[in-house]
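Everything below concerns the one structure shown next.
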Amino acid sequence: MKERRKKLLMLFMCTTLVGTTIIPTAVFADNIEAAGDEDDELDLDDEEDDLDEDDEGDFDEGDEDGLDEDDEDDLDEDDEDDFDDDEDAEEDIDEGDGFSGEDTGSESAGGLVKFNTSWYYAEPDEQIRLDYTADSDVTLEWSVSDEDIASISSAGVVSISDQAESETIEVTLTADGYDSATAYIFVSSPELESKSGSVKKGKSKTVSVYGLNADKADVTCKSSNTSVATAVYDKDDEEITITGKATGKSVITLTVNDKSTVTYNVTVTADKAVSVTKKLTVKKGKTKRIVVKNATGKIKYKSANKKIASVSGKGVVKGKKTGKTQIIVTANGKSYTCKVTVKK
C-alpha cells in the first residue's frame with residue numbers, strides 16, 4: 001500500500017516538473033480510487049464496528065430505555081388521566097340528563113340565551129314564569145313540547161291546562177333561529193285511592209297515590225296526630241303506609257313539590273275484647289253451647305274432665321254425669337275459662 005502511494009506521488013511530481021506531460025483525468029482518478037479502495041474498506045470496517053458497538057449500544061440503552069420507561073410512563077399517566085377526565089364528563093352528562101343534583105340552569109351552545117333555572121314544578125291550571133336571560137340584539141322564539149296541555153307567551157309565561165295530569169313539558173327558547181336552550185316543567189296532579197278509612201291499633205294499611213310525576217316529584221307526608229297514627233310515603237311503590245298507634249283520629253297530608261296537597265282522614269280503632277260464656281249449667285244427657293264474641297281466627301275448646309262434660313269443636317257442651325268441670329276456650333291467642341255444672 002505504501003509503495004503504491006509513493007509511485008502515485010512520484011508520478012504527480014513528475015507531471016508537475018515536466019509541465020508538458022498531461023495525465024489523463026480518468027487515469028489519475030482510477031489510480032487514486034484504486035489506491036483508496038483498501039483504505040476505504042478499512043475505514044468502512046472501522047465505521048461499521050463503531051456503529052455496532054457505539055450506535056447500537058446507544059439505541060439499546062438510550063432510545064429503548066427512553067421509550068419504555070419515560071414515554072410509556074407519560075402515556076400511562078398523562079393519557080390515562082385524560083381518559084379519566086372523559087369518564088367524569090360522561091358521568092356529569094348522565095347526572096344532568098337524570099335531573100339529579102343541583103339545578104345550575106341551561107345555556108345555549110352559542111351563549112345567546114340561558115335559562116337561569118331549568119327545572120320547574122307545576123300543577124294543572126297554573127301559570128309559571130320562566131327565569132331566563134338573552135342578548136339584547138337577538139330575536140327570540142318560544143316553543144313547548146305539547147301545545148295541547150301548555151302554551152307560552154313572548155314573555156316566557158307558561159300556562160298549564162287544567163287537563164294536564166302527570167306530565168313533563170319541555171320548553172325551548174331559540175335565539176336568531178339557531179341557538180337554543182331548554183327548560184323542563186314537571187306537572188303533578190296527585191290523587192289518593194280513597195279519602196278516608198280506618199286501621200286497627202298496632203296494624204298498618206297502605207293507600208295508593210296516583211297522578212304523580214314520579215321522576216321528579218318531591219313528596220312529603222305528615223300526620224296531624226302522630227300519637228294516633230304515623231304515615232310514611234314510599235316513592236318506589238307510590239303509596240302511603242299508615243300505622244295505628246292509639247285509638248282516635250288523624251289527618252294525613254300528602255304534599256307534592258310544595259304545591260299540591262291531598263288529605264286522608266284515618267280513624268284508629270282497637271280490637272274489641274273477646275267475651276266467653278263464664279258459667280254454664282246443663283242437664284245430664286243434654287247440650288248447651290258456649291258463646292264466644294269478638295274472636296278472630298280459629299277458636300279451640302277443651303274439657304278439663306270429659307267424664308263429666310264433653311265439648312265439640314264448635315263449643316257445644318254435653319253433660320255426661322253430675323258434677324262440675326271447666327271448658328278451656330282459646331281465642332285470639334288467649335285462654336278463657338267456662339265453668340260447667342252438670343245436673344240430673
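Every chain in the C-alpha cells has a letter given in the order shown (A, B, ...), and although residue numbers restart at 1 in each chain, ligands are simply numbered from 1 in the order shown.
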(Q) as a PyMOL selection string, please: every residue in stretch 214-318 of chain A that DSSP puts in strand (DSSP E or B). (A) chain A and resi 219-223+229-234+239-244+248-256+260-269+275-276+279-284+287-289+292-293+300-303+309-311+316-318
Q: Can you pull out every residue within 10 Å of stretch 199-214 of chain A, counting only C-alpha atoms, but drop anything in the same chain fewer than 5 positions away, and send it as a PyMOL selection string?
A: chain A and resi 121+164-168+186-194+219+228-248+254+256+262+264+266-271
Q | Distance query A:Ser108 at most 7 Å, only C-alpha atoms, self and fewer than 2 positions along chain excluded, as an NGL selection string | A | :A and (106 or 110-114 or 179-181)
Q) Just how far from atom CA of A:Leu173 is atom CA of A:Lys259, in Å to one decimal? A)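 One can read the atom CA of A:Lys259 to atom CA of A:Leu173 distance as 25.7 Å.
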Applying 7 Å and only C-alpha atoms, which residues near A:Ser224 remain after dropping the ones on its own chain fewer than 4 positions away? List them as an mmCIF file with N, CA and C atoms, in the first residue's frame.
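Result file is around18.cif:
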data_model
loop_
_atom_site.group_PDB
_atom_site.id
_atom_site.type_symbol
_atom_site.label_atom_id
_atom_site.label_comp_id
_atom_site.auth_asym_id
_atom_site.auth_seq_id
_atom_site.Cartn_x
_atom_site.Cartn_y
_atom_site.Cartn_z
ATOM 1 N N SER A 250 -106.854 11.041 62.926
ATOM 2 C CA SER A 250 -105.743 11.863 62.452
ATOM 3 C C SER A 250 -105.950 12.171 60.969
ATOM 4 N N VAL A 251 -105.354 13.282 60.523
ATOM 5 C CA VAL A 251 -105.425 13.662 59.108
ATOM 6 C C VAL A 251 -104.040 13.512 58.500
ATOM 7 N N ILE A 252 -103.952 12.705 57.452
ATOM 8 C CA ILE A 252 -102.685 12.501 56.754
ATOM 9 C C ILE A 252 -102.658 13.444 55.556
#
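Using only C-alpha atoms, the nearest neighbour of A:Thr277 within the list A:Gly319, A:Thr337, A:Asp218, A:Tyr301 is A:Thr337.
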Q | Nearest-residue call for A:Lys279, choices A:Thr139, A:Gln326, A:Ser227, A:Ser154, using only C-alpha atoms | A |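 For A:Lys279, the nearest of the candidates is A:Gln326.
We find atom CA of A:Asn257 and atom CA of A:Ile185 to be spaced 11.7 Å apart.
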